[in-house]
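Listing of structure_32.txt; format and content: compact mmCIF, C-alpha atoms.
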```txt
# COMPACT_ATOMS: atom_id res chain seq x y z
CA MET A 10 41.22 -31.57 9.43
CA VAL A 11 38.05 -32.51 11.30
CA ALA A 12 36.16 -29.60 9.72
CA HIS A 13 37.29 -30.66 6.26
CA GLN A 14 36.14 -34.23 6.90
CA LEU A 15 32.75 -32.95 7.98
CA ALA A 16 32.54 -30.70 4.96
CA VAL A 17 33.24 -33.28 2.28
CA LYS A 18 30.61 -35.82 3.29
CA GLY A 19 28.61 -34.40 0.42
CA ALA A 20 25.03 -33.59 -0.39
CA GLY A 21 22.84 -36.61 0.01
CA ASP A 22 25.60 -38.95 1.26
CA ASP A 23 23.65 -39.63 4.45
CA GLY A 24 20.51 -40.86 2.72
CA GLY A 25 19.03 -37.43 2.20
CA VAL A 26 20.20 -35.91 5.49
CA THR A 27 21.43 -32.37 4.83
CA VAL A 28 23.96 -30.20 6.61
CA VAL A 29 21.13 -28.28 8.27
CA ASP A 30 19.57 -31.52 9.50
CA ARG A 31 22.80 -32.21 11.40
CA LEU A 32 22.84 -28.82 13.15
CA ASP A 33 22.04 -28.53 16.83
CA HIS A 34 19.86 -25.49 16.07
CA PRO A 35 18.30 -24.16 12.80
CA ILE A 36 20.18 -20.85 12.83
CA VAL A 37 22.44 -19.80 9.95
CA LEU A 38 24.81 -16.83 9.98
CA ALA A 39 24.38 -14.94 6.70
CA PRO A 40 27.57 -14.28 4.65
CA LEU A 41 27.74 -10.50 5.32
CA SER A 42 29.96 -9.51 2.38
CA GLY A 43 31.81 -6.23 2.37
CA GLY A 44 33.61 -6.26 5.70
CA PRO A 45 31.50 -7.68 8.56
CA SER A 46 32.20 -11.33 7.68
CA THR A 47 35.07 -12.84 9.70
CA PRO A 48 36.22 -16.36 10.59
CA GLU A 49 35.82 -15.45 14.26
CA LEU A 50 32.15 -14.56 13.77
CA ALA A 51 31.40 -17.74 11.81
CA ALA A 52 33.20 -19.84 14.41
CA ALA A 53 31.26 -18.27 17.28
CA VAL A 54 27.86 -18.97 15.71
CA ALA A 55 28.93 -22.52 14.83
CA THR A 56 30.16 -23.14 18.38
CA ALA A 57 26.72 -22.16 19.67
CA GLY A 58 25.24 -24.92 17.51
CA GLY A 59 24.30 -22.93 14.42
CA PHE A 60 25.96 -22.69 11.02
CA GLY A 61 28.46 -20.05 9.92
CA PHE A 62 29.10 -18.62 6.48
CA LEU A 63 32.14 -16.76 5.19
CA ALA A 64 31.75 -14.18 2.43
CA ALA A 65 34.02 -14.47 -0.62
CA GLY A 66 32.66 -11.34 -2.30
CA TYR A 67 35.13 -8.49 -2.96
CA LEU A 68 38.07 -10.59 -1.70
CA THR A 69 40.96 -12.11 -3.64
CA VAL A 70 41.02 -15.88 -3.86
CA ASP A 71 44.12 -15.92 -1.63
CA ALA A 72 42.28 -13.92 1.03
CA VAL A 73 39.34 -16.33 0.87
CA ARG A 74 41.68 -19.29 1.26
CA GLU A 75 43.34 -17.67 4.29
CA ARG A 76 39.97 -17.09 5.94
CA MET A 77 38.86 -20.64 5.26
CA ASN A 78 42.07 -21.97 6.81
CA LEU A 79 41.69 -19.75 9.87
CA LEU A 80 38.09 -20.81 10.37
CA ARG A 81 39.14 -24.45 10.22
CA GLU A 82 41.69 -23.70 12.94
CA LEU A 83 39.10 -21.94 15.10
CA SER A 84 36.34 -24.52 14.81
CA ASP A 85 35.81 -28.14 13.81
CA ARG A 86 32.23 -27.37 12.77
CA PRO A 87 31.14 -27.34 9.11
CA PHE A 88 30.81 -23.94 7.42
CA GLY A 89 29.81 -22.36 4.13
CA ILE A 90 31.29 -20.02 1.52
CA ASN A 91 29.21 -17.54 -0.45
CA LEU A 92 30.10 -16.67 -4.07
CA PHE A 93 28.78 -13.91 -6.33
CA VAL A 94 27.44 -15.16 -9.66
CA PRO A 95 28.77 -12.78 -12.32
CA GLY A 96 26.41 -10.86 -14.55
CA GLY A 97 27.29 -8.84 -17.61
CA PRO A 98 28.73 -5.34 -17.93
CA ALA A 99 26.39 -2.36 -17.94
CA ASP A 100 26.10 0.12 -20.80
CA PRO A 101 28.49 3.06 -20.12
CA ALA A 102 25.93 5.42 -21.60
CA VAL A 103 23.59 4.48 -18.76
CA TYR A 104 25.98 5.18 -15.90
CA ALA A 105 28.20 7.95 -17.30
CA PRO A 106 26.07 10.89 -16.04
CA TYR A 107 25.90 9.47 -12.52
CA VAL A 108 29.63 8.77 -12.49
CA GLU A 109 30.29 12.37 -13.55
CA LEU A 110 28.10 13.60 -10.69
CA LEU A 111 29.91 11.37 -8.16
CA HIS A 112 33.33 12.51 -9.41
CA ALA A 113 32.38 16.17 -9.22
CA GLU A 114 31.03 15.78 -5.69
CA ALA A 115 34.11 13.90 -4.48
CA ARG A 116 36.50 16.45 -6.01
CA ALA A 117 34.60 19.32 -4.39
CA ALA A 118 34.86 17.62 -0.99
CA GLY A 119 38.49 16.59 -1.49
CA LEU A 120 37.66 12.89 -1.24
CA PRO A 121 39.04 9.89 -3.16
CA VAL A 122 36.85 8.39 -5.87
CA GLY A 123 37.18 5.45 -8.25
CA GLU A 124 36.53 4.65 -11.90
CA PRO A 125 33.73 2.43 -13.16
CA ARG A 126 34.79 -1.04 -14.23
CA TYR A 127 33.35 -4.49 -14.62
CA ASP A 128 34.79 -7.71 -13.27
CA ASP A 129 33.46 -11.15 -12.31
CA ASP A 130 34.79 -11.07 -8.72
CA GLY A 131 37.30 -13.83 -9.48
CA TRP A 132 34.52 -16.27 -10.28
CA GLU A 133 36.54 -19.11 -11.83
CA ALA A 134 39.39 -18.94 -9.30
CA LYS A 135 36.99 -18.96 -6.36
CA LEU A 136 34.98 -21.80 -7.87
CA ASP A 137 38.23 -23.75 -8.25
CA LEU A 138 39.04 -23.09 -4.59
CA VAL A 139 35.72 -24.22 -3.14
CA THR A 140 35.71 -27.38 -5.24
CA ALA A 141 39.34 -28.24 -4.42
CA GLU A 142 38.96 -27.50 -0.69
CA PRO A 143 35.20 -27.83 -0.25
CA PRO A 144 33.33 -26.37 2.70
CA ALA A 145 30.07 -28.00 3.72
CA ILE A 146 27.99 -25.58 1.64
CA VAL A 147 28.70 -23.28 -1.29
CA SER A 148 25.99 -20.66 -1.69
CA PHE A 149 25.42 -18.42 -4.68
CA THR A 150 24.09 -14.86 -4.78
CA PHE A 151 23.10 -12.54 -7.67
CA GLY A 152 22.05 -15.42 -9.88
CA CYS A 153 21.70 -19.14 -10.31
CA PRO A 154 24.78 -20.79 -11.81
CA ASP A 155 24.44 -23.30 -14.61
CA SER A 156 23.40 -26.78 -13.52
CA SER A 157 26.88 -28.02 -14.48
CA VAL A 158 28.38 -25.69 -11.85
CA ILE A 159 25.95 -26.96 -9.22
CA GLN A 160 26.86 -30.54 -10.13
CA ARG A 161 30.55 -29.70 -9.89
CA VAL A 162 30.03 -28.35 -6.36
CA ARG A 163 28.01 -31.42 -5.36
CA GLN A 164 30.57 -33.80 -6.84
CA ALA A 165 33.25 -32.07 -4.77
CA GLY A 166 31.25 -33.00 -1.67
CA ALA A 167 29.47 -29.75 -0.82
CA GLU A 168 25.86 -28.73 -0.91
CA ALA A 169 24.89 -25.98 -3.36
CA TRP A 170 22.51 -23.28 -2.13
CA VAL A 171 21.07 -20.43 -4.20
CA THR A 172 19.71 -17.11 -2.93
CA VAL A 173 16.31 -16.30 -4.44
CA THR A 174 13.93 -13.36 -4.11
CA SER A 175 10.84 -14.60 -5.96
CA PRO A 176 8.91 -17.83 -6.58
CA GLU A 177 10.13 -17.79 -10.19
CA GLU A 178 13.78 -17.64 -9.12
CA ALA A 179 13.15 -20.39 -6.56
CA ARG A 180 11.71 -22.71 -9.21
CA HIS A 181 14.59 -21.94 -11.55
CA ALA A 182 17.14 -22.82 -8.87
CA ALA A 183 15.28 -25.98 -7.89
CA ARG A 184 15.25 -27.13 -11.53
CA ALA A 185 19.00 -26.44 -11.75
CA GLY A 186 19.59 -28.89 -8.89
CA ALA A 187 20.10 -26.62 -5.88
CA ASP A 188 20.27 -28.49 -2.56
CA GLY A 189 18.89 -25.51 -0.66
CA LEU A 190 17.23 -22.17 -1.32
CA VAL A 191 17.86 -19.01 0.69
CA LEU A 192 14.59 -17.09 0.46
CA GLN A 193 15.59 -13.45 0.83
CA GLY A 194 12.67 -11.26 1.79
CA GLY A 195 12.52 -7.55 1.15
CA GLU A 196 13.09 -6.97 4.88
CA ALA A 197 16.71 -8.13 4.57
CA GLY A 198 19.68 -5.80 4.86
CA GLY A 199 22.38 -5.50 2.23
CA HIS A 200 22.17 -6.29 -1.45
CA ARG A 201 19.14 -7.90 -3.01
CA GLY A 202 20.16 -11.29 -4.35
CA SER A 203 17.89 -11.09 -7.41
CA PHE A 204 19.02 -12.90 -10.55
CA ASP A 205 18.31 -9.81 -12.64
CA ASN A 206 19.62 -6.43 -11.53
CA ARG A 207 16.36 -4.61 -12.18
CA PRO A 208 15.00 -2.28 -9.50
CA GLU A 209 11.43 -2.60 -10.78
CA LEU A 210 11.21 -6.27 -9.75
CA PRO A 211 8.56 -6.98 -7.07
CA THR A 212 9.89 -7.06 -3.50
CA LEU A 213 8.23 -9.82 -1.50
CA GLY A 214 8.41 -10.37 2.24
CA VAL A 215 9.94 -13.57 3.54
CA LEU A 216 6.64 -15.01 4.84
CA ALA A 217 5.08 -14.50 1.42
CA LEU A 218 8.05 -16.24 -0.21
CA LEU A 219 7.77 -19.20 2.15
CA GLN A 220 4.10 -19.69 1.36
CA LEU A 221 4.55 -19.24 -2.39
CA THR A 222 7.33 -21.84 -2.58
CA ALA A 223 5.87 -24.48 -0.27
CA ASP A 224 5.44 -26.97 -3.12
CA LEU A 225 9.08 -27.13 -4.22
CA GLY A 226 10.33 -29.93 -1.98
CA VAL A 227 13.73 -28.27 -1.51
CA PRO A 228 15.04 -27.14 1.91
CA ARG A 229 14.38 -23.42 2.30
CA MET A 230 16.26 -21.01 4.56
CA ALA A 231 14.35 -17.84 5.43
CA ALA A 232 16.22 -14.51 5.46
CA GLY A 233 15.03 -10.99 6.17
CA GLY A 234 13.92 -9.15 9.30
CA ILE A 235 14.68 -12.06 11.68
CA ALA A 236 16.42 -10.92 14.86
CA THR A 237 15.00 -12.99 17.74
CA GLY A 238 14.21 -16.57 18.63
CA ALA A 239 10.52 -15.74 18.18
CA GLY A 240 11.30 -14.59 14.65
CA VAL A 241 13.13 -17.84 13.98
CA ALA A 242 10.12 -19.77 15.32
CA ALA A 243 7.79 -17.82 13.04
CA VAL A 244 9.61 -18.73 9.84
CA LEU A 245 10.01 -22.34 10.94
CA ALA A 246 6.26 -22.50 11.52
CA ALA A 247 5.77 -21.13 7.99
CA GLY A 248 7.81 -23.97 6.51
CA ALA A 249 11.44 -22.85 6.63
CA THR A 250 14.12 -25.44 7.34
CA ALA A 251 16.26 -22.82 9.06
CA ALA A 252 16.52 -19.08 9.59
CA ALA A 253 19.39 -17.04 8.14
CA LEU A 254 20.35 -13.96 10.14
CA GLY A 255 22.85 -11.25 9.31
CA THR A 256 22.00 -7.86 10.79
CA ALA A 257 21.44 -9.42 14.21
CA PHE A 258 25.20 -10.14 14.39
CA LEU A 259 26.60 -6.88 12.97
CA ARG A 260 27.27 -5.31 16.39
CA CYS A 261 29.03 -8.36 17.78
CA PRO A 262 32.73 -7.77 18.59
CA GLU A 263 33.73 -10.65 16.30
CA ALA A 264 32.18 -8.93 13.26
CA GLY A 265 34.29 -6.69 11.02
CA THR A 266 31.63 -3.96 11.07
CA SER A 267 33.14 -0.46 10.95
CA ALA A 268 32.78 1.92 13.89
CA PRO A 269 30.42 4.39 12.15
CA HIS A 270 28.29 1.48 10.94
CA ARG A 271 28.08 0.13 14.49
CA ASP A 272 27.01 3.55 15.75
CA ALA A 273 24.31 3.80 13.09
CA LEU A 274 22.89 0.45 14.20
CA SER A 275 21.83 2.07 17.46
CA SER A 276 20.39 5.18 15.78
CA GLY A 277 16.82 4.05 15.17
CA ARG A 278 16.75 5.77 11.77
CA PRO A 279 14.64 4.19 9.00
CA THR A 280 15.95 1.88 6.30
CA ARG A 281 15.18 1.83 2.61
CA LEU A 282 16.31 0.23 -0.61
CA THR A 283 18.90 2.15 -2.60
CA GLN A 284 21.18 1.58 -5.56
CA SER A 285 23.14 4.79 -5.01
CA PHE A 286 26.25 3.12 -3.54
CA SER A 287 26.75 0.17 -5.88
CA GLY A 288 24.36 0.24 -8.82
CA ARG A 289 22.39 -2.67 -7.32
CA LEU A 290 19.47 -2.45 -4.91
CA ALA A 291 20.39 -2.90 -1.26
CA ARG A 292 18.72 -2.06 2.05
CA GLY A 293 20.51 0.28 4.39
CA ILE A 294 19.97 2.88 7.07
CA VAL A 295 19.09 6.19 5.44
CA ASN A 296 21.93 8.73 5.43
CA GLU A 297 22.98 11.86 3.59
CA PHE A 298 24.52 10.04 0.64
CA MET A 299 21.28 8.19 -0.04
CA ASP A 300 19.21 11.34 0.29
CA ARG A 301 21.44 13.18 -2.18
CA HIS A 302 21.69 10.44 -4.78
CA ASP A 303 18.68 8.15 -4.76
CA GLY A 304 17.06 10.35 -7.39
CA HIS A 305 20.10 10.10 -9.68
CA ALA A 306 21.41 6.57 -9.11
CA VAL A 307 21.40 4.07 -11.95
CA THR A 308 21.47 0.29 -12.37
CA ALA A 309 25.10 -0.64 -13.05
CA TYR A 310 26.74 -3.23 -10.81
CA PRO A 311 29.62 -3.57 -10.05
CA GLU A 312 30.62 -0.48 -12.02
CA ILE A 313 29.14 2.02 -9.54
CA HIS A 314 30.48 -0.05 -6.63
CA TYR A 315 34.03 0.61 -7.84
CA VAL A 316 33.36 4.34 -8.24
CA THR A 317 32.17 4.82 -4.66
CA ALA A 318 34.46 2.24 -2.99
CA PRO A 319 37.40 4.64 -2.32
CA THR A 320 35.07 7.28 -0.90
CA ARG A 321 33.40 4.76 1.38
CA ALA A 322 36.76 3.37 2.54
CA TRP A 323 37.90 6.88 3.44
CA ALA A 324 34.66 7.55 5.33
CA ARG A 325 34.99 4.35 7.37
CA GLU A 326 38.49 5.30 8.44
CA ALA A 327 37.38 8.86 9.19
CA GLY A 328 34.36 7.68 11.15
CA ASP A 329 31.98 9.61 8.90
CA PRO A 330 28.66 7.77 8.40
CA ALA A 331 27.38 10.28 5.84
CA TRP A 332 29.30 8.70 2.95
CA ILE A 333 29.11 4.97 3.63
CA ASN A 334 26.62 2.21 3.01
CA LEU A 335 25.02 1.36 6.36
CA TRP A 336 23.52 -1.98 5.35
CA ALA A 337 20.87 -3.17 7.78
CA GLY A 338 17.63 -5.14 7.75
CA GLN A 339 14.33 -3.74 8.94
CA ALA A 340 14.67 -5.32 12.41
CA TYR A 341 18.11 -3.82 13.05
CA PRO A 342 17.07 -1.94 16.25
CA LEU A 343 16.93 -5.38 17.91
CA SER A 344 20.64 -6.03 17.32
CA ARG A 345 22.91 -5.99 20.38
CA ALA A 346 26.57 -5.26 21.01
CA GLU A 347 27.25 -8.64 22.60
CA PRO A 348 29.54 -11.57 21.78
CA ALA A 349 28.14 -13.61 18.89
CA ARG A 350 27.86 -16.80 20.91
CA GLU A 351 25.73 -14.99 23.50
CA VAL A 352 23.50 -13.55 20.77
CA ALA A 353 23.04 -16.98 19.23
CA GLU A 354 22.45 -18.72 22.56
CA ARG A 355 19.82 -16.14 23.57
CA MET A 356 18.00 -16.74 20.26
CA ILE A 357 18.18 -20.49 20.84
CA ALA A 358 16.61 -20.08 24.30
CA GLU A 359 13.91 -17.78 22.90
CA LEU A 360 13.25 -20.29 20.13
CA ALA A 361 12.76 -23.09 22.65
CA THR A 362 10.32 -20.93 24.60
CA ALA A 363 8.40 -19.92 21.47
CA ARG A 364 8.05 -23.53 20.36
CA GLY A 365 6.85 -24.60 23.80
```
Will you turn the file into structure tokens for me?
Amino acid sequence: MVAHQLAVKGAGDDGGVTVVDRLDHPIVLAPLSGGPSTPELAAAVATAGGFGFLAAGYLTVDAVRERMNLLRELSDRPFGINLFVPGGPADPAVYAPYVELLHAEARAAGLPVGEPRYDDDGWEAKLDLVTAEPPAIVSFTFGCPDSSVIQRVRQAGAEAWVTVTSPEEARHAARAGADGLVLQGGEAGGHRGSFDNRPELPTLGVLALLQLTADLGVPRMAAGGIATGAGVAAVLAAGATAAALGTAFLRCPEAGTSAPHRDALSSGRPTRLTQSFSGRLARGIVNEFMDRHDGHAVTAYPEIHYVTAPTRAWAREAGDPAWINLWAGQAYPLSRAEPAREVAERMIAELATARG
């Protein structure tokens, strides 16, 4: 109950004081959709004085509700929920040859494989949930919702944040009424949060994004390649309100990261952007699947995601890293297999040292 009371104070109800302003430390746990996100991880970061997000992506609305309830039992700190903004279906003619290739490869290896399909990730049901039982913040990825949606979130008592990857997207979100902007640099692991699913879009670093959006007057959270307190200090010095970190927490025992993914995070192999797993650009540690398919992959999300999902699920259970998406940011070698609270507290101490 305490967490709910904290959550529904609402954007701007404290005379312009935001949720981040009330944090002990300007550290935000990124949503980490696709498995790593857990209530236990969000609670641990919040207990250390930061802010925890839960991912709603790829989950049913009932599963999201269960995780929200568990997090409220684990912690009385405010938290956030991240939603995917739906796009439109891709042209089957574009993705059919790649799907045929994936099916043939899976059959030859005796592995499960899915069929391409489009859905909106339960958009309306999840929006109903977060406005009926509002967290402190509702963040949006893969697009900027209509201003009426942002107003609905704010009227429910939550702040509305939007993930952006360019100055143009940042200005769009600010005009739509966003309370906060998550500036996702090209260094970040996982899916690019671009409004348009076009791989030819420029990929800017987070420091460039901070400087190019300094005039907006909206709180900005910096994401991408931040793994230490010194990194947090750097983006704060460049104008960020807080730093959002994801990869830094992937090896923590509270995270739902699979065993082969955890192993890969200590490999030291390079990362690169790929759309081979899902049909949308994402940064991950290079593996055999990427090497085989980056030259054939097409832009079609979530259609390709559903084709490769059964194969990836099998590979996680089998402990085979060759077939799974090993999402990681460019600073992933700095991640540690330590409890999340210890990771956060070490960053907080490093931040204090860096700021003098």
Please report as JSON lines every residue of region 252-297 of chain A lying within 12 Å of region 96-106 of chain A, along with the nearest atom pair and their distance in Å (one decimal), using only C-alpha atoms.
```
{"residue": "A:Gln284", "atom": "CA", "partner": "A:Tyr104", "partner_atom": "CA", "distance": 12.0}
{"residue": "A:Ser285", "atom": "CA", "partner": "A:Tyr104", "partner_atom": "CA", "distance": 11.3}
{"residue": "A:Ser287", "atom": "CA", "partner": "A:Tyr104", "partner_atom": "CA", "distance": 11.2}
{"residue": "A:Gly288", "atom": "CA", "partner": "A:Tyr104", "partner_atom": "CA", "distance": 8.8}
{"residue": "A:Arg289", "atom": "CA", "partner": "A:Ala99", "partner_atom": "CA", "distance": 11.4}
```
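Across A:Gly194, A:Gly226, A:Gly66, A:Pro48, the tightest approach to Glu82 (chain A) is made by A:Pro48 when counting only C-alpha atoms.
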Just need the box for region 114-123 of chain A, edges along x, y and z, holding every atom the file lists for it with 6 Å tacked onto each side, so centre and edge lengths in Å to one decimal, as lines of an AutoDock Vina configuration file.
```
center_x = 35.0
center_y = 12.4
center_z = -4.6
size_x = 20.0
size_y = 25.9
size_z = 19.3
```
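Nearest residue to Thr266 (chain A) among A:Ala327, A:Leu335, A:Ala51, A:Val73 is A:Leu335, counting all atoms listed in the file.
CA of Ala236 (chain A) is found 12.7 Å from CA of Ala349 (chain A).
In this structure, CA of Gln160 (chain A) sits 15.5 Å away from CA of Leu190 (chain A).
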task = Can you pull out every residue within 8 Å of region 293-308 of chain A, counting all atoms listed in the file, but drop anything in the same chain fewer than 2 positions away, and send it as a count of residues only?
result = 32
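You can rank A:Pro311, A:Pro319, A:Gly240, A:Pro40 by their closest distance to Asp128 (chain A) using only C-alpha atoms, and at the top of that list sits A:Pro311.
Excluding region 184-189 of chain A itself and any same-chain residue fewer than 2 positions from it, the protein and nucleic acid residues within 6 Å of it, counting all atoms listed in the file, are Ser156, Glu168, Ala169, Trp170, His181, Ala182, Val227, Pro228 and Arg229 of chain A.
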inquiry  = If we draw a sphere of 12 Å around (42.0, -21.1, 17.2), which residues have at least one atom in it when counting only C-alpha atoms? Please report them as a PyMOL selection string.
reply    = chain A and resi 48-49+52-53+78-85
Arg126 (chain A): which residues within 8 Å, counting all atoms listed in the file, same-chain residues fewer than 4 positions away excluded, as a CSV table (one decimal) with C-alpha atoms, in the frame of the given file?
```csv
chain,number,residue,atom,x,y,z
A,311,PRO,CA,29.6,-3.6,-10.0
A,312,GLU,CA,30.6,-0.5,-12.0
A,313,ILE,CA,29.1,2.0,-9.5
A,315,TYR,CA,34.0,0.6,-7.8
```
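Counting all atoms listed in the file and comparing A:Gly119, A:Gly25, A:Gly131, A:Pro35, the residue that lies closest to Ala231 (chain A) is A:Pro35.
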